[in-house]
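Source file run-v9.cif; content: mmCIF, N, CA and C atoms.
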data_entry
loop_
_atom_site.label_atom_id
_atom_site.label_comp_id
_atom_site.auth_asym_id
_atom_site.auth_seq_id
_atom_site.Cartn_x
_atom_site.Cartn_y
_atom_site.Cartn_z
N MET A 2 24.42 -2.27 17.53
CA MET A 2 25.55 -2.07 18.41
C MET A 2 26.69 -1.44 17.62
N THR A 3 27.28 -0.40 18.16
CA THR A 3 28.39 0.29 17.53
C THR A 3 29.64 0.10 18.38
N THR A 4 30.73 -0.24 17.71
CA THR A 4 32.03 -0.35 18.36
C THR A 4 32.85 0.86 17.96
N TYR A 5 33.47 1.51 18.94
CA TYR A 5 34.30 2.69 18.70
C TYR A 5 35.76 2.33 18.99
N ILE A 6 36.62 2.53 18.00
CA ILE A 6 38.04 2.20 18.11
C ILE A 6 38.85 3.46 17.85
N PHE A 7 39.80 3.74 18.71
CA PHE A 7 40.63 4.94 18.61
C PHE A 7 42.08 4.52 18.50
N LEU A 8 42.67 4.69 17.30
CA LEU A 8 44.06 4.31 17.06
C LEU A 8 44.96 5.54 17.19
N ASP A 9 45.81 5.53 18.20
CA ASP A 9 46.75 6.62 18.41
C ASP A 9 47.81 6.14 19.40
N ASP A 10 49.05 6.54 19.18
CA ASP A 10 50.12 6.09 20.06
C ASP A 10 50.23 6.91 21.34
N VAL A 11 49.62 8.10 21.37
CA VAL A 11 49.77 8.99 22.53
C VAL A 11 48.42 9.51 23.04
N ARG A 12 47.63 10.07 22.13
CA ARG A 12 46.41 10.77 22.52
C ARG A 12 45.31 9.82 23.00
N MET A 13 44.40 10.42 23.73
CA MET A 13 43.21 9.72 24.20
C MET A 13 42.03 10.17 23.34
N PRO A 14 40.97 9.36 23.29
CA PRO A 14 39.81 9.71 22.46
C PRO A 14 39.04 10.89 23.03
N PRO A 15 38.18 11.46 22.19
CA PRO A 15 37.37 12.59 22.66
C PRO A 15 36.39 12.14 23.74
N ASP A 16 36.05 13.05 24.60
CA ASP A 16 35.05 12.79 25.62
C ASP A 16 33.69 13.17 25.02
N ASP A 17 33.17 12.27 24.19
CA ASP A 17 31.95 12.55 23.44
C ASP A 17 30.77 11.66 23.84
N GLY A 18 30.94 10.95 24.94
CA GLY A 18 29.86 10.10 25.42
C GLY A 18 29.91 8.68 24.88
N ASN A 19 30.80 8.41 23.92
CA ASN A 19 30.95 7.06 23.38
C ASN A 19 32.04 6.32 24.15
N LYS A 20 31.92 5.01 24.18
CA LYS A 20 32.92 4.19 24.87
C LYS A 20 33.95 3.74 23.83
N TRP A 21 35.06 4.47 23.75
CA TRP A 21 36.11 4.20 22.79
C TRP A 21 37.06 3.12 23.32
N LYS A 22 37.42 2.19 22.45
CA LYS A 22 38.48 1.24 22.76
C LYS A 22 39.76 1.86 22.22
N VAL A 23 40.73 2.12 23.09
CA VAL A 23 41.98 2.73 22.69
C VAL A 23 42.96 1.63 22.28
N VAL A 24 43.50 1.76 21.08
CA VAL A 24 44.52 0.83 20.61
C VAL A 24 45.73 1.65 20.19
N ARG A 25 46.90 1.11 20.42
CA ARG A 25 48.14 1.85 20.19
C ARG A 25 48.93 1.38 18.99
N ASP A 26 48.51 0.28 18.36
CA ASP A 26 49.24 -0.20 17.19
C ASP A 26 48.29 -0.86 16.20
N ILE A 27 48.81 -1.13 15.02
CA ILE A 27 48.02 -1.67 13.92
C ILE A 27 47.47 -3.05 14.23
N ASP A 28 48.27 -3.89 14.87
CA ASP A 28 47.81 -5.25 15.17
C ASP A 28 46.58 -5.23 16.08
N ASP A 29 46.63 -4.41 17.12
CA ASP A 29 45.48 -4.32 18.02
C ASP A 29 44.27 -3.70 17.33
N ALA A 30 44.53 -2.72 16.46
CA ALA A 30 43.42 -2.10 15.73
C ALA A 30 42.75 -3.10 14.80
N TRP A 31 43.54 -3.85 14.04
CA TRP A 31 42.98 -4.84 13.12
C TRP A 31 42.21 -5.92 13.89
N ALA A 32 42.80 -6.40 14.99
CA ALA A 32 42.12 -7.41 15.81
C ALA A 32 40.79 -6.87 16.34
N SER A 33 40.75 -5.61 16.71
CA SER A 33 39.52 -5.00 17.21
C SER A 33 38.46 -4.89 16.13
N ILE A 34 38.88 -4.54 14.90
CA ILE A 34 37.94 -4.46 13.79
C ILE A 34 37.33 -5.83 13.50
N VAL A 35 38.18 -6.83 13.37
CA VAL A 35 37.71 -8.18 13.04
C VAL A 35 36.84 -8.74 14.15
N THR A 36 37.24 -8.53 15.39
CA THR A 36 36.45 -9.02 16.52
C THR A 36 35.07 -8.37 16.56
N ALA A 37 35.02 -7.05 16.36
CA ALA A 37 33.74 -6.34 16.36
C ALA A 37 32.85 -6.84 15.23
N TRP A 38 33.42 -7.02 14.05
CA TRP A 38 32.66 -7.52 12.90
C TRP A 38 32.14 -8.93 13.17
N HIS A 39 33.00 -9.77 13.69
CA HIS A 39 32.64 -11.17 13.92
C HIS A 39 31.59 -11.31 15.03
N THR A 40 31.78 -10.63 16.14
CA THR A 40 30.86 -10.79 17.27
C THR A 40 29.47 -10.21 16.97
N SER A 41 29.40 -9.24 16.05
CA SER A 41 28.10 -8.67 15.69
C SER A 41 27.50 -9.38 14.47
N HIS A 42 28.19 -10.42 14.01
CA HIS A 42 27.76 -11.16 12.81
C HIS A 42 27.61 -10.23 11.62
N GLY A 43 28.49 -9.22 11.56
CA GLY A 43 28.49 -8.28 10.44
C GLY A 43 27.41 -7.23 10.47
N ARG A 44 26.62 -7.20 11.55
CA ARG A 44 25.50 -6.25 11.61
C ARG A 44 25.82 -4.97 12.38
N GLY A 45 26.84 -5.00 13.22
CA GLY A 45 27.17 -3.83 14.03
C GLY A 45 28.05 -2.85 13.27
N GLU A 46 27.89 -1.58 13.61
CA GLU A 46 28.72 -0.55 12.99
C GLU A 46 30.05 -0.46 13.73
N ILE A 47 31.11 -0.17 12.96
CA ILE A 47 32.44 0.01 13.53
C ILE A 47 32.89 1.42 13.16
N VAL A 48 33.13 2.23 14.18
CA VAL A 48 33.65 3.58 13.98
C VAL A 48 35.10 3.55 14.44
N ILE A 49 36.01 3.90 13.55
CA ILE A 49 37.42 3.93 13.92
C ILE A 49 38.00 5.30 13.60
N SER A 50 38.68 5.88 14.58
CA SER A 50 39.35 7.16 14.41
C SER A 50 40.85 6.87 14.32
N LEU A 51 41.48 7.40 13.26
CA LEU A 51 42.84 7.01 12.93
C LEU A 51 43.85 8.15 13.05
N ASP A 52 44.97 7.82 13.66
CA ASP A 52 46.14 8.68 13.61
C ASP A 52 47.06 8.08 12.54
N HIS A 53 47.86 8.89 11.90
CA HIS A 53 48.80 8.38 10.90
C HIS A 53 50.10 7.94 11.54
N ASP A 54 50.78 8.83 12.23
CA ASP A 54 52.10 8.55 12.79
C ASP A 54 51.96 7.89 14.16
N LEU A 55 52.49 6.67 14.25
CA LEU A 55 52.34 5.90 15.49
C LEU A 55 53.67 5.64 16.19
N GLY A 56 54.69 6.38 15.85
CA GLY A 56 55.99 6.21 16.48
C GLY A 56 57.01 5.63 15.51
N ASP A 57 58.26 5.67 15.91
CA ASP A 57 59.35 5.19 15.08
C ASP A 57 59.24 3.69 14.84
N ASP A 58 59.48 3.29 13.62
CA ASP A 58 59.53 1.88 13.23
C ASP A 58 58.23 1.12 13.51
N ILE A 59 57.12 1.84 13.54
CA ILE A 59 55.81 1.22 13.76
C ILE A 59 54.96 1.53 12.54
N PRO A 60 54.27 0.53 11.98
CA PRO A 60 53.41 0.81 10.83
C PRO A 60 52.40 1.92 11.14
N THR A 61 52.10 2.72 10.15
CA THR A 61 51.25 3.90 10.31
C THR A 61 49.76 3.54 10.20
N GLY A 62 48.93 4.54 10.49
CA GLY A 62 47.50 4.38 10.30
C GLY A 62 47.16 4.12 8.84
N TYR A 63 47.97 4.65 7.94
CA TYR A 63 47.77 4.38 6.51
C TYR A 63 47.90 2.89 6.22
N TYR A 64 48.82 2.23 6.89
CA TYR A 64 48.98 0.79 6.71
C TYR A 64 47.69 0.06 7.08
N LEU A 65 47.04 0.49 8.15
CA LEU A 65 45.77 -0.14 8.55
C LEU A 65 44.70 0.10 7.49
N VAL A 66 44.66 1.29 6.93
CA VAL A 66 43.69 1.59 5.86
C VAL A 66 43.95 0.66 4.68
N LYS A 67 45.21 0.54 4.26
CA LYS A 67 45.55 -0.33 3.12
C LYS A 67 45.22 -1.78 3.42
N HIS A 68 45.48 -2.23 4.64
CA HIS A 68 45.17 -3.61 5.03
C HIS A 68 43.66 -3.86 4.97
N THR A 69 42.90 -2.91 5.46
CA THR A 69 41.44 -3.02 5.42
C THR A 69 40.95 -3.02 3.98
N GLU A 70 41.52 -2.15 3.16
CA GLU A 70 41.15 -2.08 1.75
C GLU A 70 41.40 -3.43 1.06
N CYS A 71 42.52 -4.03 1.31
CA CYS A 71 42.85 -5.33 0.72
C CYS A 71 41.89 -6.42 1.19
N ALA A 72 41.56 -6.41 2.47
CA ALA A 72 40.65 -7.42 3.01
C ALA A 72 39.26 -7.29 2.41
N VAL A 73 38.77 -6.06 2.27
CA VAL A 73 37.45 -5.84 1.68
C VAL A 73 37.45 -6.27 0.21
N ALA A 74 38.54 -5.99 -0.50
CA ALA A 74 38.63 -6.36 -1.92
C ALA A 74 38.76 -7.87 -2.11
N ARG A 75 39.47 -8.51 -1.22
CA ARG A 75 39.80 -9.93 -1.40
C ARG A 75 38.74 -10.89 -0.87
N TYR A 76 38.14 -10.58 0.24
CA TYR A 76 37.22 -11.51 0.90
C TYR A 76 35.79 -10.98 0.76
N HIS A 77 35.05 -11.55 -0.16
CA HIS A 77 33.71 -11.02 -0.46
C HIS A 77 32.78 -11.05 0.73
N GLU A 78 33.01 -11.92 1.70
CA GLU A 78 32.13 -11.97 2.87
C GLU A 78 32.47 -10.91 3.92
N PHE A 79 33.64 -10.31 3.82
CA PHE A 79 34.06 -9.28 4.78
C PHE A 79 33.56 -7.92 4.31
N LYS A 80 32.39 -7.55 4.76
CA LYS A 80 31.76 -6.28 4.40
C LYS A 80 31.31 -5.56 5.67
N PRO A 81 32.27 -5.08 6.46
CA PRO A 81 31.89 -4.41 7.71
C PRO A 81 31.20 -3.08 7.46
N LYS A 82 30.37 -2.69 8.39
CA LYS A 82 29.74 -1.37 8.36
C LYS A 82 30.71 -0.40 9.03
N LEU A 83 31.53 0.22 8.21
CA LEU A 83 32.63 1.05 8.71
C LEU A 83 32.36 2.54 8.57
N GLU A 84 32.75 3.27 9.59
CA GLU A 84 32.90 4.71 9.50
C GLU A 84 34.34 4.98 9.93
N MET A 85 35.16 5.41 9.00
CA MET A 85 36.57 5.66 9.28
C MET A 85 36.81 7.16 9.33
N ARG A 86 37.31 7.63 10.47
CA ARG A 86 37.61 9.04 10.68
C ARG A 86 39.13 9.21 10.81
N ILE A 87 39.59 10.39 10.54
CA ILE A 87 41.03 10.67 10.66
C ILE A 87 41.21 11.84 11.62
N HIS A 88 42.05 11.64 12.62
CA HIS A 88 42.37 12.74 13.54
C HIS A 88 43.86 13.10 13.48
N SER A 89 44.56 12.63 12.48
CA SER A 89 45.99 12.87 12.32
C SER A 89 46.27 14.32 11.93
N ALA A 90 47.39 14.85 12.43
CA ALA A 90 47.83 16.19 12.05
C ALA A 90 48.79 16.15 10.87
N ASN A 91 49.13 14.97 10.38
CA ASN A 91 50.06 14.81 9.27
C ASN A 91 49.29 15.02 7.96
N PRO A 92 49.52 16.13 7.23
CA PRO A 92 48.70 16.43 6.05
C PRO A 92 48.87 15.41 4.91
N VAL A 93 50.07 14.94 4.67
CA VAL A 93 50.29 13.96 3.61
C VAL A 93 49.69 12.61 4.01
N GLY A 94 49.92 12.23 5.25
CA GLY A 94 49.33 10.99 5.75
C GLY A 94 47.81 11.02 5.70
N ARG A 95 47.24 12.15 6.09
CA ARG A 95 45.78 12.32 6.05
C ARG A 95 45.26 12.15 4.62
N GLN A 96 45.93 12.79 3.67
CA GLN A 96 45.50 12.71 2.28
C GLN A 96 45.56 11.27 1.76
N ASN A 97 46.62 10.57 2.07
CA ASN A 97 46.75 9.17 1.65
C ASN A 97 45.66 8.30 2.28
N MET A 98 45.41 8.52 3.58
CA MET A 98 44.37 7.73 4.24
C MET A 98 42.99 8.05 3.66
N GLU A 99 42.73 9.32 3.35
CA GLU A 99 41.44 9.70 2.76
C GLU A 99 41.19 8.95 1.46
N ARG A 100 42.22 8.87 0.61
CA ARG A 100 42.07 8.15 -0.66
C ARG A 100 41.78 6.66 -0.43
N GLY A 101 42.47 6.06 0.50
CA GLY A 101 42.24 4.66 0.81
C GLY A 101 40.84 4.42 1.37
N ILE A 102 40.40 5.30 2.24
CA ILE A 102 39.06 5.19 2.82
C ILE A 102 37.99 5.33 1.75
N GLU A 103 38.18 6.27 0.83
CA GLU A 103 37.22 6.42 -0.27
C GLU A 103 37.13 5.13 -1.09
N SER A 104 38.25 4.50 -1.31
CA SER A 104 38.27 3.22 -2.04
C SER A 104 37.51 2.14 -1.27
N ILE A 105 37.72 2.08 0.02
CA ILE A 105 37.00 1.10 0.86
C ILE A 105 35.50 1.34 0.77
N TYR A 106 35.08 2.58 0.92
CA TYR A 106 33.65 2.91 0.86
C TYR A 106 33.05 2.53 -0.50
N ARG A 107 33.78 2.78 -1.59
CA ARG A 107 33.27 2.41 -2.92
C ARG A 107 33.06 0.90 -3.02
N MET A 108 34.02 0.13 -2.54
CA MET A 108 33.90 -1.33 -2.61
C MET A 108 32.75 -1.84 -1.73
N LEU A 109 32.58 -1.23 -0.55
CA LEU A 109 31.50 -1.66 0.33
C LEU A 109 30.14 -1.32 -0.27
N GLU A 110 30.04 -0.20 -0.98
CA GLU A 110 28.77 0.17 -1.62
C GLU A 110 28.38 -0.81 -2.71
N LYS A 111 29.37 -1.35 -3.40
CA LYS A 111 29.10 -2.31 -4.48
C LYS A 111 28.60 -3.63 -3.92
N GLY A 112 28.94 -3.88 -2.66
CA GLY A 112 28.48 -5.08 -1.99
C GLY A 112 29.07 -6.30 -2.55
#

So, in terms of structure tokens, how does the structure I just supplied come out?
Amino acid sequence: MTTYIFLDDVRMPPDDGNKWKVVRDIDDAWASIVTAWHTSHGRGEIVISLDHDLGDDIPTGYYLVKHTECAVARYHEFKPKLEMRIHSANPVGRQNMERGIESIYRMLEKG
């Protein structure tokens, strides 16, 4: 079972035949990741597409990447099957998120 999560404050997900859960902020995105991981007993894949800029005074998509990175590093049992995509138009934000995602993937590979 694959869960599709789309984090963006304005845009809608692509019409690609997948059933995307649209979330508009970091709290809902994190809750969706944890819920998908928990309900699949860690066996289901989680695909999340990330925007960086989520509006004024709202934590960015980069914050979610860093939060996920910390959780994977800190809690040895939290090893979700993640595919993290970026659809942000912010070049600096994209670059920062890419580095964080690479770190998450390295830690998940080490198991």

field: DSSP helix (DSSP H, G or I) selection over stretch 7-108 of chain A, as a PyMOL selection string
entry: chain A and resi 27-40+62-75+92-108

Selection file, N, CA and C atoms, as a compact mmCIF listing (two decimals), in the frame of the given file:
# COMPACT_ATOMS: atom_id res chain seq x y z
N ILE A 27 48.81 -1.13 15.02
CA ILE A 27 48.02 -1.67 13.92
C ILE A 27 47.47 -3.05 14.23
N ASP A 28 48.27 -3.89 14.87
CA ASP A 28 47.81 -5.25 15.17
C ASP A 28 46.58 -5.23 16.08
N ASP A 29 46.63 -4.41 17.12
CA ASP A 29 45.48 -4.32 18.02
C ASP A 29 44.27 -3.70 17.33
N ALA A 30 44.53 -2.72 16.46
CA ALA A 30 43.42 -2.10 15.73
C ALA A 30 42.75 -3.10 14.80
N TRP A 31 43.54 -3.85 14.04
CA TRP A 31 42.98 -4.84 13.12
C TRP A 31 42.21 -5.92 13.89
N ALA A 32 42.80 -6.40 14.99
CA ALA A 32 42.12 -7.41 15.81
C ALA A 32 40.79 -6.87 16.34
N SER A 33 40.75 -5.61 16.71
CA SER A 33 39.52 -5.00 17.21
C SER A 33 38.46 -4.89 16.13
N ILE A 34 38.88 -4.54 14.90
CA ILE A 34 37.94 -4.46 13.79
C ILE A 34 37.33 -5.83 13.50
N VAL A 35 38.18 -6.83 13.37
CA VAL A 35 37.71 -8.18 13.04
C VAL A 35 36.84 -8.74 14.15
N THR A 36 37.24 -8.53 15.39
CA THR A 36 36.45 -9.02 16.52
C THR A 36 35.07 -8.37 16.56
N ALA A 37 35.02 -7.05 16.36
CA ALA A 37 33.74 -6.34 16.36
C ALA A 37 32.85 -6.84 15.23
N TRP A 38 33.42 -7.02 14.05
CA TRP A 38 32.66 -7.52 12.90
C TRP A 38 32.14 -8.93 13.17
N HIS A 39 33.00 -9.77 13.69
CA HIS A 39 32.64 -11.17 13.92
C HIS A 39 31.59 -11.31 15.03
N THR A 40 31.78 -10.63 16.14
CA THR A 40 30.86 -10.79 17.27
C THR A 40 29.47 -10.21 16.97
N GLY A 62 48.93 4.54 10.49
CA GLY A 62 47.50 4.38 10.30
C GLY A 62 47.16 4.12 8.84
N TYR A 63 47.97 4.65 7.94
CA TYR A 63 47.77 4.38 6.51
C TYR A 63 47.90 2.89 6.22
N TYR A 64 48.82 2.23 6.89
CA TYR A 64 48.98 0.79 6.71
C TYR A 64 47.69 0.06 7.08
N LEU A 65 47.04 0.49 8.15
CA LEU A 65 45.77 -0.14 8.55
C LEU A 65 44.70 0.10 7.49
N VAL A 66 44.66 1.29 6.93
CA VAL A 66 43.69 1.59 5.86
C VAL A 66 43.95 0.66 4.68
N LYS A 67 45.21 0.54 4.26
CA LYS A 67 45.55 -0.33 3.12
C LYS A 67 45.22 -1.78 3.42
N HIS A 68 45.48 -2.23 4.64
CA HIS A 68 45.17 -3.61 5.03
C HIS A 68 43.66 -3.86 4.97
N THR A 69 42.90 -2.91 5.46
CA THR A 69 41.44 -3.02 5.42
C THR A 69 40.95 -3.02 3.98
N GLU A 70 41.52 -2.15 3.16
CA GLU A 70 41.15 -2.08 1.75
C GLU A 70 41.40 -3.43 1.06
N CYS A 71 42.52 -4.03 1.31
CA CYS A 71 42.85 -5.33 0.72
C CYS A 71 41.89 -6.42 1.19
N ALA A 72 41.56 -6.41 2.47
CA ALA A 72 40.65 -7.42 3.01
C ALA A 72 39.26 -7.29 2.41
N VAL A 73 38.77 -6.06 2.27
CA VAL A 73 37.45 -5.84 1.68
C VAL A 73 37.45 -6.27 0.21
N ALA A 74 38.54 -5.99 -0.50
CA ALA A 74 38.63 -6.36 -1.92
C ALA A 74 38.76 -7.87 -2.11
N ARG A 75 39.47 -8.51 -1.22
CA ARG A 75 39.80 -9.93 -1.40
C ARG A 75 38.74 -10.89 -0.87
N PRO A 92 49.52 16.13 7.23
CA PRO A 92 48.70 16.43 6.05
C PRO A 92 48.87 15.41 4.91
N VAL A 93 50.07 14.94 4.67
CA VAL A 93 50.29 13.96 3.61
C VAL A 93 49.69 12.61 4.01
N GLY A 94 49.92 12.23 5.25
CA GLY A 94 49.33 10.99 5.75
C GLY A 94 47.81 11.02 5.70
N ARG A 95 47.24 12.15 6.09
CA ARG A 95 45.78 12.32 6.05
C ARG A 95 45.26 12.15 4.62
N GLN A 96 45.93 12.79 3.67
CA GLN A 96 45.50 12.71 2.28
C GLN A 96 45.56 11.27 1.76
N ASN A 97 46.62 10.57 2.07
CA ASN A 97 46.75 9.17 1.65
C ASN A 97 45.66 8.30 2.28
N MET A 98 45.41 8.52 3.58
CA MET A 98 44.37 7.73 4.24
C MET A 98 42.99 8.05 3.66
N GLU A 99 42.73 9.32 3.35
CA GLU A 99 41.44 9.70 2.76
C GLU A 99 41.19 8.95 1.46
N ARG A 100 42.22 8.87 0.61
CA ARG A 100 42.07 8.15 -0.66
C ARG A 100 41.78 6.66 -0.43
N GLY A 101 42.47 6.06 0.50
CA GLY A 101 42.24 4.66 0.81
C GLY A 101 40.84 4.42 1.37
N ILE A 102 40.40 5.30 2.24
CA ILE A 102 39.06 5.19 2.82
C ILE A 102 37.99 5.33 1.75
N GLU A 103 38.18 6.27 0.83
CA GLU A 103 37.22 6.42 -0.27
C GLU A 103 37.13 5.13 -1.09
N SER A 104 38.25 4.50 -1.31
CA SER A 104 38.27 3.22 -2.04
C SER A 104 37.51 2.14 -1.27
N ILE A 105 37.72 2.08 0.02
CA ILE A 105 37.00 1.10 0.86
C ILE A 105 35.50 1.34 0.77
N TYR A 106 35.08 2.58 0.92
CA TYR A 106 33.65 2.91 0.86
C TYR A 106 33.05 2.53 -0.50
N ARG A 107 33.78 2.78 -1.59
CA ARG A 107 33.27 2.41 -2.92
C ARG A 107 33.06 0.90 -3.02
N MET A 108 34.02 0.13 -2.54
CA MET A 108 33.90 -1.33 -2.61
C MET A 108 32.75 -1.84 -1.73

Would you mind listing, for every residue of stretch 75-103 of chain A within 8 Å of stretch 42-59 of chain A, the two atoms forming the shortest contact and the distance between them in Å to one decimal, using only N, CA and C atoms, sorted by chain and ascending residue number, as JSON lines?
{"residue": "A:Phe79", "atom": "C", "partner": "A:Gly43", "partner_atom": "CA", "distance": 8.0}
{"residue": "A:Lys80", "atom": "C", "partner": "A:Gly43", "partner_atom": "CA", "distance": 6.2}
{"residue": "A:Pro81", "atom": "CA", "partner": "A:Gly43", "partner_atom": "CA", "distance": 5.8}
{"residue": "A:Lys82", "atom": "C", "partner": "A:Ile47", "partner_atom": "N", "distance": 4.0}
{"residue": "A:Leu83", "atom": "CA", "partner": "A:Ile47", "partner_atom": "C", "distance": 4.5}
{"residue": "A:Glu84", "atom": "N", "partner": "A:Ile47", "partner_atom": "C", "distance": 4.0}
{"residue": "A:Met85", "atom": "CA", "partner": "A:Ile49", "partner_atom": "C", "distance": 4.6}
{"residue": "A:Arg86", "atom": "C", "partner": "A:Leu51", "partner_atom": "N", "distance": 3.8}
{"residue": "A:Ile87", "atom": "CA", "partner": "A:Leu51", "partner_atom": "N", "distance": 4.2}
{"residue": "A:His88", "atom": "N", "partner": "A:Leu51", "partner_atom": "C", "distance": 4.0}
{"residue": "A:Ser89", "atom": "CA", "partner": "A:Asp52", "partner_atom": "CA", "distance": 4.4}
{"residue": "A:Ala90", "atom": "N", "partner": "A:His53", "partner_atom": "N", "distance": 6.0}
{"residue": "A:Asn91", "atom": "N", "partner": "A:His53", "partner_atom": "N", "distance": 6.4}
{"residue": "A:Gly94", "atom": "CA", "partner": "A:His53", "partner_atom": "CA", "distance": 5.8}
{"residue": "A:Arg95", "atom": "N", "partner": "A:His53", "partner_atom": "CA", "distance": 6.3}

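Per DSSP on the backbone, strand (DSSP E) in stretch 56-111 of chain A comprises Lys82, Leu83, Glu84, Met85, Arg86 and Ile87 of chain A.
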
field: Minimum-distance residue to A:Gly62, chosen among A:Lys111, A:His77, A:Arg12, A:Arg25 (using only C-alpha atoms)
entry: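 Using only C-alpha atoms, A:Gly62 sits closest to A:Arg25.
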
- request: Would you mind listing what lies within 8 Å of A:Ile102 as an MDAnalysis selection string, with only N, CA and C atoms counted and same-chain residues fewer than 3 positions away left out?
  value: chainID A and resid 66:67 70 85 96:99 105:108

If I wrap all listed atoms of stretch 28-47 of chain A in a box with edges along x, y and z and add 4 Å on each side, what are its centre and edge lengths in Å to one decimal, as lines of an AutoDock Vina configuration file?
center_x = 36.9
center_y = -4.9
center_z = 14.2
size_x = 30.8
size_y = 20.7
size_z = 15.6

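Considering the residues A:Thr4, A:Ala30, A:Ser104, A:His39 and counting only C-alpha atoms, A:Cys71 has its shortest atom-to-atom contact with A:Ser104.
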
- request: Report the residues retrieved by the PyMOL selection byres (((chain A and resi 7 and name CA) around 7) and name CA) from the displayed file, expressed as number ranges by chain.
  value: A: 5-6, 8-9, 14, 21-24, 49-51

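The interatomic distance for the pair atom CA of A:Thr40 and atom CA of A:Thr3 works out to 11.4 Å.
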
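Atom pair atom CA of A:Glu110 / atom N of A:Thr36 has a distance of 20.9 Å (rounded to one decimal).
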
message: If I take atom N of A:Val93 and atom C of A:Ala37, how far is one from the other in Å, to one decimal?
response: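 Distance reported for this atom pair: 29.7 Å.
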
- request: Identify the residues within 5 Å of coordinate (51.3, 0.5, 12.8) (same frame as the file), considering all atoms listed in the file, and give the answer as a list in words.
  value: Asp26, Ile27, Ile59, Pro60 and Thr61 of chain A
